[in-house]
file model.cif (mmCIF, C-alpha atoms)
data_run
loop_
_atom_site.group_PDB
_atom_site.id
_atom_site.type_symbol
_atom_site.label_atom_id
_atom_site.label_comp_id
_atom_site.auth_asym_id
_atom_site.auth_seq_id
_atom_site.Cartn_x
_atom_site.Cartn_y
_atom_site.Cartn_z
ATOM 1 C CA MET A 63 85.128 122.224 96.226
ATOM 2 C CA PRO A 64 83.167 119.047 96.965
ATOM 3 C CA ALA A 65 80.009 119.483 98.974
ATOM 4 C CA LEU A 66 78.656 116.718 101.160
ATOM 5 C CA SER A 67 75.441 115.572 99.524
ATOM 6 C CA SER A 68 72.812 113.671 101.464
ATOM 7 C CA ALA A 69 69.590 114.689 99.738
ATOM 8 C CA GLU A 70 69.715 112.291 96.807
ATOM 9 C CA PRO A 71 71.706 109.162 96.005
ATOM 10 C CA SER A 72 74.134 109.456 93.131
ATOM 11 C CA ALA A 73 72.120 109.543 89.911
ATOM 12 C CA GLU A 74 74.889 107.737 88.067
ATOM 13 C CA ALA A 75 75.921 104.292 89.270
ATOM 14 C CA VAL A 76 79.466 102.963 89.595
ATOM 15 C CA GLN A 77 80.733 99.739 88.049
ATOM 16 C CA ALA A 78 83.548 99.066 90.518
ATOM 17 C CA LEU A 79 84.129 99.092 94.250
ATOM 18 C CA VAL A 80 87.755 99.734 95.249
ATOM 19 C CA ILE A 81 88.366 98.787 98.892
ATOM 20 C CA VAL A 82 91.627 100.301 100.083
ATOM 21 C CA ASP A 83 93.706 98.532 102.760
ATOM 22 C CA ILE A 84 90.948 97.049 104.911
ATOM 23 C CA GLN A 85 93.520 94.897 106.667
ATOM 24 C CA THR A 86 93.181 93.526 110.176
ATOM 25 C CA ALA A 87 95.958 95.673 111.662
ATOM 26 C CA PHE A 88 94.106 98.873 110.777
ATOM 27 C CA VAL A 89 90.513 97.978 111.649
ATOM 28 C CA THR A 90 90.608 95.522 114.568
ATOM 29 C CA GLY A 91 92.007 95.423 118.083
ATOM 30 C CA ASP A 92 93.204 98.170 120.376
ATOM 31 C CA GLU A 93 95.176 99.900 117.619
ATOM 32 C CA ALA A 94 92.282 100.117 115.134
ATOM 33 C CA ALA A 95 91.398 103.420 113.531
ATOM 34 C CA PRO A 96 88.624 105.257 115.401
ATOM 35 C CA ALA A 97 85.128 104.361 114.162
ATOM 36 C CA SER A 98 86.412 101.127 112.583
ATOM 37 C CA GLU A 99 83.532 99.090 114.001
ATOM 38 C CA GLN A 100 80.904 101.146 112.164
ATOM 39 C CA LEU A 101 83.123 101.426 109.094
ATOM 40 C CA LEU A 102 83.256 97.628 108.826
ATOM 41 C CA VAL A 103 79.460 97.387 109.097
ATOM 42 C CA ASN A 104 79.082 99.969 106.318
ATOM 43 C CA LEU A 105 81.645 98.305 104.069
ATOM 44 C CA ASN A 106 80.247 94.817 104.611
ATOM 45 C CA ASP A 107 76.870 95.977 103.300
ATOM 46 C CA LEU A 108 78.511 97.853 100.419
ATOM 47 C CA LEU A 109 80.564 94.789 99.479
ATOM 48 C CA ASP A 110 77.495 92.537 99.557
ATOM 49 C CA ARG A 111 75.581 94.887 97.274
ATOM 50 C CA ALA A 112 78.500 95.244 94.859
ATOM 51 C CA ARG A 113 78.797 91.460 94.578
ATOM 52 C CA GLN A 114 75.060 90.964 94.105
ATOM 53 C CA SER A 115 74.917 93.609 91.380
ATOM 54 C CA GLY A 116 77.712 92.109 89.282
ATOM 55 C CA ALA A 117 80.011 95.078 89.790
ATOM 56 C CA LEU A 118 83.774 94.643 89.857
ATOM 57 C CA VAL A 119 85.272 94.446 93.361
ATOM 58 C CA VAL A 120 88.941 95.264 93.908
ATOM 59 C CA HIS A 121 90.603 94.718 97.280
ATOM 60 C CA LEU A 122 93.835 96.706 97.570
ATOM 61 C CA GLN A 123 96.253 95.142 100.060
ATOM 62 C CA ASN A 124 99.249 97.115 101.282
ATOM 63 C CA ASP A 125 102.583 95.330 101.673
ATOM 64 C CA GLY A 126 104.243 97.121 104.572
ATOM 65 C CA PRO A 127 107.975 97.000 105.308
ATOM 66 C CA SER A 128 109.622 94.468 107.596
ATOM 67 C CA SER A 129 108.345 94.720 111.191
ATOM 68 C CA ALA A 130 105.394 96.938 110.200
ATOM 69 C CA VAL A 131 101.908 95.963 111.345
ATOM 70 C CA ASP A 132 101.049 95.178 107.705
ATOM 71 C CA GLU A 133 104.191 93.230 106.862
ATOM 72 C CA PRO A 134 103.229 90.543 104.301
ATOM 73 C CA GLY A 135 102.437 87.188 105.852
ATOM 74 C CA THR A 136 101.563 88.593 109.278
ATOM 75 C CA ALA A 137 98.099 88.515 110.850
ATOM 76 C CA GLY A 138 97.839 92.304 110.561
ATOM 77 C CA TRP A 139 98.470 92.164 106.818
ATOM 78 C CA GLU A 140 95.498 89.863 106.153
ATOM 79 C CA LEU A 141 92.409 91.334 104.514
ATOM 80 C CA TYR A 142 89.504 91.749 106.932
ATOM 81 C CA PHE A 143 86.971 90.814 104.239
ATOM 82 C CA GLN A 144 87.800 87.513 102.604
ATOM 83 C CA ALA A 145 87.954 88.056 98.875
ATOM 84 C CA ALA A 146 85.765 85.810 96.737
ATOM 85 C CA GLU A 147 88.387 85.806 94.010
ATOM 86 C CA SER A 148 86.834 85.493 90.560
ATOM 87 C CA PRO A 149 86.913 87.398 87.262
ATOM 88 C CA ARG A 150 84.798 90.069 89.005
ATOM 89 C CA GLU A 151 86.611 90.156 92.366
ATOM 90 C CA VAL A 152 90.356 90.552 92.625
ATOM 91 C CA VAL A 153 93.067 91.289 95.176
ATOM 92 C CA ILE A 154 95.809 93.676 94.096
ATOM 93 C CA ARG A 155 98.845 94.091 96.329
ATOM 94 C CA LYS A 156 100.588 97.439 96.460
ATOM 95 C CA LEU A 157 103.702 99.038 97.905
ATOM 96 C CA LYS A 158 102.719 102.708 97.771
ATOM 97 C CA ASP A 159 99.814 104.887 98.900
ATOM 98 C CA ASP A 160 98.511 105.231 95.337
ATOM 99 C CA GLY A 161 96.793 101.963 94.440
ATOM 100 C CA PHE A 162 97.573 102.541 90.754
ATOM 101 C CA ASP A 163 101.312 103.094 91.198
ATOM 102 C CA GLY A 164 103.182 99.963 90.125
ATOM 103 C CA THR A 165 100.056 97.793 90.070
ATOM 104 C CA ARG A 166 97.609 96.444 87.488
ATOM 105 C CA LEU A 167 94.623 98.410 88.879
ATOM 106 C CA ASP A 168 94.225 100.625 85.810
ATOM 107 C CA GLU A 169 94.426 97.596 83.499
ATOM 108 C CA VAL A 170 91.843 95.637 85.511
ATOM 109 C CA LEU A 171 89.363 98.515 85.568
ATOM 110 C CA ARG A 172 89.688 99.125 81.830
ATOM 111 C CA GLN A 173 89.452 95.418 80.963
ATOM 112 C CA HIS A 174 86.042 95.393 82.641
ATOM 113 C CA GLY A 175 84.809 98.558 80.924
ATOM 114 C CA VAL A 176 84.686 100.566 84.164
ATOM 115 C CA ASP A 177 84.316 104.335 83.947
ATOM 116 C CA ARG A 178 83.116 105.127 87.499
ATOM 117 C CA VAL A 179 84.475 103.763 90.770
ATOM 118 C CA CYS A 180 83.554 103.964 94.431
ATOM 119 C CA VAL A 181 86.661 104.338 96.607
ATOM 120 C CA VAL A 182 86.499 103.396 100.299
ATOM 121 C CA GLY A 183 88.860 102.194 103.017
ATOM 122 C CA VAL A 184 91.732 103.471 105.164
ATOM 123 C CA MET A 185 93.534 105.792 105.696
ATOM 124 C CA SER A 186 91.512 108.751 104.426
ATOM 125 C CA GLU A 187 94.358 111.224 103.985
ATOM 126 C CA MET A 188 96.876 108.686 102.749
ATOM 127 C CA CYS A 189 96.033 105.645 100.594
ATOM 128 C CA VAL A 190 92.351 106.486 100.055
ATOM 129 C CA LEU A 191 93.143 110.041 98.984
ATOM 130 C CA ALA A 192 96.089 108.986 96.797
ATOM 131 C CA THR A 193 94.086 106.245 95.053
ATOM 132 C CA ALA A 194 91.051 108.476 94.489
ATOM 133 C CA ARG A 195 93.231 111.267 93.090
ATOM 134 C CA ALA A 196 95.028 108.850 90.768
ATOM 135 C CA ALA A 197 91.667 107.546 89.531
ATOM 136 C CA LEU A 198 90.561 111.109 88.770
ATOM 137 C CA GLU A 199 93.827 111.774 86.922
ATOM 138 C CA ARG A 200 93.098 108.714 84.776
ATOM 139 C CA LYS A 201 89.649 110.138 83.940
ATOM 140 C CA PHE A 202 87.601 107.704 86.022
ATOM 141 C CA GLY A 203 84.577 109.144 87.771
ATOM 142 C CA VAL A 204 85.051 108.791 91.534
ATOM 143 C CA VAL A 205 82.392 108.490 94.223
ATOM 144 C CA MET A 206 83.445 108.618 97.884
ATOM 145 C CA PRO A 207 80.850 107.977 100.581
ATOM 146 C CA HIS A 208 81.716 109.961 103.702
ATOM 147 C CA ASP A 209 80.988 107.017 106.008
ATOM 148 C CA GLY A 210 83.059 104.654 103.839
ATOM 149 C CA HIS A 211 86.562 105.712 104.890
ATOM 150 C CA ALA A 212 88.421 106.421 108.110
ATOM 151 C CA THR A 213 91.775 107.340 109.592
ATOM 152 C CA PHE A 214 93.563 107.915 112.890
ATOM 153 C CA ASP A 215 93.737 111.066 114.961
ATOM 154 C CA ILE A 216 96.655 113.219 113.807
ATOM 155 C CA GLY A 217 98.929 114.399 116.589
ATOM 156 C CA PRO A 218 100.058 118.002 116.933
ATOM 157 C CA ALA A 219 102.932 119.182 114.781
ATOM 158 C CA PRO A 220 106.038 120.481 116.551
ATOM 159 C CA GLY A 221 105.115 123.801 118.105
ATOM 160 C CA ALA A 222 101.388 123.342 117.429
ATOM 161 C CA MET A 223 98.880 123.432 120.266
ATOM 162 C CA GLU A 224 96.473 120.752 119.044
ATOM 163 C CA GLY A 225 96.233 117.730 116.811
ATOM 164 C CA VAL A 226 93.451 116.914 114.352
ATOM 165 C CA PRO A 227 90.667 114.472 115.273
ATOM 166 C CA ALA A 228 90.233 111.558 112.872
ATOM 167 C CA ALA A 229 86.788 112.684 111.671
ATOM 168 C CA LEU A 230 88.139 116.101 110.654
ATOM 169 C CA ALA A 231 91.155 114.557 108.942
ATOM 170 C CA SER A 232 88.810 112.371 106.882
ATOM 171 C CA ARG A 233 86.704 115.354 105.844
ATOM 172 C CA VAL A 234 89.792 117.369 104.875
ATOM 173 C CA ALA A 235 90.949 114.447 102.714
ATOM 174 C CA GLU A 236 87.660 114.602 100.807
ATOM 175 C CA TRP A 237 87.950 118.369 100.425
ATOM 176 C CA ALA A 238 91.508 118.067 99.125
ATOM 177 C CA LEU A 239 90.261 116.158 96.082
ATOM 178 C CA GLY A 240 88.560 119.262 94.713
ATOM 179 C CA ASP A 241 85.332 119.423 92.760
ATOM 180 C CA GLU A 242 85.910 116.456 90.430
ATOM 181 C CA VAL A 243 85.157 113.847 93.100
ATOM 182 C CA GLU A 244 81.554 113.125 94.092
ATOM 183 C CA ILE A 245 81.261 113.033 97.879
ATOM 184 C CA ILE A 246 78.046 111.509 99.175
ATOM 185 C CA ALA A 247 77.010 111.090 102.781
ATOM 186 C CA TYR A 248 76.314 107.386 103.062
ATOM 187 C CA THR A 249 77.525 104.076 101.662
ATOM 188 C CA THR A 250 73.855 103.089 101.409
ATOM 189 C CA ASP A 251 73.461 105.746 98.695
ATOM 190 C CA VAL A 252 76.027 104.098 96.394
ATOM 191 C CA GLN A 253 74.371 102.460 93.388
ATOM 192 C CA PHE A 254 76.051 99.754 91.306
ATOM 193 C CA ASP A 255 75.851 98.647 87.693
ATOM 194 C CA PRO A 256 77.252 95.304 86.540
ATOM 195 C CA VAL A 257 80.492 95.371 84.592
ATOM 196 C CA SER A 258 80.082 94.881 80.870
ATOM 197 C CA ARG A 259 82.785 92.226 80.515
#

call {"tool": "encode", "arguments": {"input": "model.cif", "output": "structure tokens"}}
result
Amino acid sequence: MPALSSAEPSAEAVQALVIVDIQTAFVTGDEAAPASEQLLVNLNDLLDRARQSGALVVHLQNDGPSSAVDEPGTAGWELYFQAAESPREVVIRKLKDDGFDGTRLDEVLRQHGVDRVCVVGVMSEMCVLATARAALERKFGVVMPHDGHATFDIGPAPGAMEGVPAALASRVAEWALGDEVEIIAYTTDVQFDPVSR
């Protein structure tokens, strides 16, 4: 099972940053996921470093159903970080939790010669987990910084006494990925290499 490493940064750099669903509905306002303010600070720095290094940046943008907070075209659907769209920075819209399912994410990563990705965003136990797992299944190395993803508190199940605080839900999502994923403590420990093409 994945341990939380904070002693040393990852020895092997990643060539791509995959930012999952950092859309205004989920990270701003009264309905934002807990800890969103710090998450946005962490991801802003990570995004800046990825761009400066020449790594590939992929913004995944969820298209929610009609009347959802992330319904396409609504303010909540908009990406929080404006994408600097270029050959090395792309926006990929998706309809499912798994960012690979029905999208060109796999094709884009392989076109750029990527073999290791850093996956961050919201929600930890849903789209982040599903996208990270799908990347592992496709034989990409996956790095997940613990302070690079977040979710909401989970309410109690019927008949249960207590819910699950957001921070615990995020940690369980990491644990659920098994020992193939590399969990590191901080986004500042993520190292980038430029893409080869």

call {"tool": "resolve_selection", "arguments": {"input": "model.cif", "expression": "the PyMOL selection byres ((chain A and resi 171) around 10)", "output": "PDB file with C-alpha atoms, in the frame of the given file"}}
result
ATOM      1  CA  GLN A  77      80.733  99.739  88.049  1.00  0.00           C
ATOM      2  CA  ALA A  78      83.548  99.066  90.518  1.00  0.00           C
ATOM      3  CA  VAL A  80      87.755  99.734  95.249  1.00  0.00           C
ATOM      4  CA  LEU A 118      83.774  94.643  89.857  1.00  0.00           C
ATOM      5  CA  VAL A 119      85.272  94.446  93.361  1.00  0.00           C
ATOM      6  CA  VAL A 120      88.941  95.264  93.908  1.00  0.00           C
ATOM      7  CA  ARG A 166      97.609  96.444  87.488  1.00  0.00           C
ATOM      8  CA  LEU A 167      94.623  98.410  88.879  1.00  0.00           C
ATOM      9  CA  ASP A 168      94.225 100.625  85.810  1.00  0.00           C
ATOM     10  CA  GLU A 169      94.426  97.596  83.499  1.00  0.00           C
ATOM     11  CA  VAL A 170      91.843  95.637  85.511  1.00  0.00           C
ATOM     12  CA  ARG A 172      89.688  99.125  81.830  1.00  0.00           C
ATOM     13  CA  GLN A 173      89.452  95.418  80.963  1.00  0.00           C
ATOM     14  CA  HIS A 174      86.042  95.393  82.641  1.00  0.00           C
ATOM     15  CA  GLY A 175      84.809  98.558  80.924  1.00  0.00           C
ATOM     16  CA  VAL A 176      84.686 100.566  84.164  1.00  0.00           C
ATOM     17  CA  ASP A 177      84.316 104.335  83.947  1.00  0.00           C
ATOM     18  CA  ARG A 178      83.116 105.127  87.499  1.00  0.00           C
ATOM     19  CA  VAL A 179      84.475 103.763  90.770  1.00  0.00           C
ATOM     20  CA  PHE A 202      87.601 107.704  86.022  1.00  0.00           C
ATOM     21  CA  VAL A 257      80.492  95.371  84.592  1.00  0.00           C
TER      22      VAL A 257
END

call {"tool": "residues_around", "arguments": {"input": "model.cif", "residues": "A:Gln114", "least_positions_apart": "6", "cutoff": "10 Å", "atoms": "all atoms listed in the file", "output": "MDAnalysis selection string"}}
result
chainID A and resid 108 254 256

call {"tool": "residues_around", "arguments": {"input": "model.cif", "residues": "A:Ala228", "least_positions_apart": "4", "cutoff": "10 Å", "atoms": "all atoms listed in the file", "output": "count of residues only"}}
result
15

call {"tool": "closest_residue", "arguments": {"input": "model.cif", "among": "A:Thr193, A:Gln85, A:Thr249, A:Ser115", "to": "A:Ala235", "atoms": "all atoms listed in the file"}}
result
A:Thr193

call {"tool": "atom_distance", "arguments": {"input": "model.cif", "atom1": "atom CA of A:Met206", "atom2": "atom CA of A:Leu191"}}
result
9.9 Å

call {"tool": "closest_residue", "arguments": {"input": "model.cif", "among": "A:Gln144, A:Glu242, A:Ile81, A:Glu74", "to": "A:Cys180", "atoms": "all atoms listed in the file"}}
result
A:Ile81

call {"tool": "resolve_selection", "arguments": {"input": "model.cif", "expression": "the PyMOL selection byres ((chain A and resi 89) around 9)", "output": "list in words"}}
result
Ile84, Gln85, Thr86, Ala87, Phe88, Thr90, Gly91, Glu93, Ala94, Ala95, Pro96, Ala97, Ser98, Glu99, Leu101, Leu102, Tyr142 and Val184 of chain A

call {"tool": "atom_distance", "arguments": {"input": "model.cif", "atom1": "atom CA of A:Ala196", "atom2": "atom CA of A:Phe162"}}
result
6.8 Å

call {"tool": "atom_distance", "arguments": {"input": "model.cif", "atom1": "atom CA of A:Asp132", "atom2": "atom CA of A:Ile154"}}
result
14.7 Å

call {"tool": "resolve_selection", "arguments": {"input": "model.cif", "expression": "the PyMOL selection byres ((chain A and resi 207) around 6)", "output": "list in words"}}
result
Met206, His208, Asp209, Gly210, Ile245, Ile246, Ala247, Tyr248 and Thr249 of chain A

call {"tool": "write_last_selection", "arguments": {"input": "model.cif", "atoms": "C-alpha atoms", "output": "mmCIF file, keeping the file's coordinate frame"}}
result
data_model
loop_
_atom_site.group_PDB
_atom_site.id
_atom_site.type_symbol
_atom_site.label_atom_id
_atom_site.label_comp_id
_atom_site.auth_asym_id
_atom_site.auth_seq_id
_atom_site.Cartn_x
_atom_site.Cartn_y
_atom_site.Cartn_z
ATOM 1 C CA MET A 206 83.445 108.618 97.884
ATOM 2 C CA HIS A 208 81.716 109.961 103.702
ATOM 3 C CA ASP A 209 80.988 107.017 106.008
ATOM 4 C CA GLY A 210 83.059 104.654 103.839
ATOM 5 C CA ILE A 245 81.261 113.033 97.879
ATOM 6 C CA ILE A 246 78.046 111.509 99.175
ATOM 7 C CA ALA A 247 77.010 111.090 102.781
ATOM 8 C CA TYR A 248 76.314 107.386 103.062
ATOM 9 C CA THR A 249 77.525 104.076 101.662
#

call {"tool": "axis_aligned_box", "arguments": {"input": "model.cif", "around": "stretch 141-154 of chain A", "padding_each_side": "3 Å", "output": "JSON"}}
result
{"center_x": 90.3, "center_y": 89.6, "center_z": 97.1, "size_x": 17.0, "size_y": 14.2, "size_z": 25.7}

call {"tool": "closest_residue", "arguments": {"input": "model.cif", "among": "A:Arg111, A:Arg150, A:Lys156, A:Arg195", "to": "A:Leu239", "atoms": "all atoms listed in the file"}}
result
A:Arg195
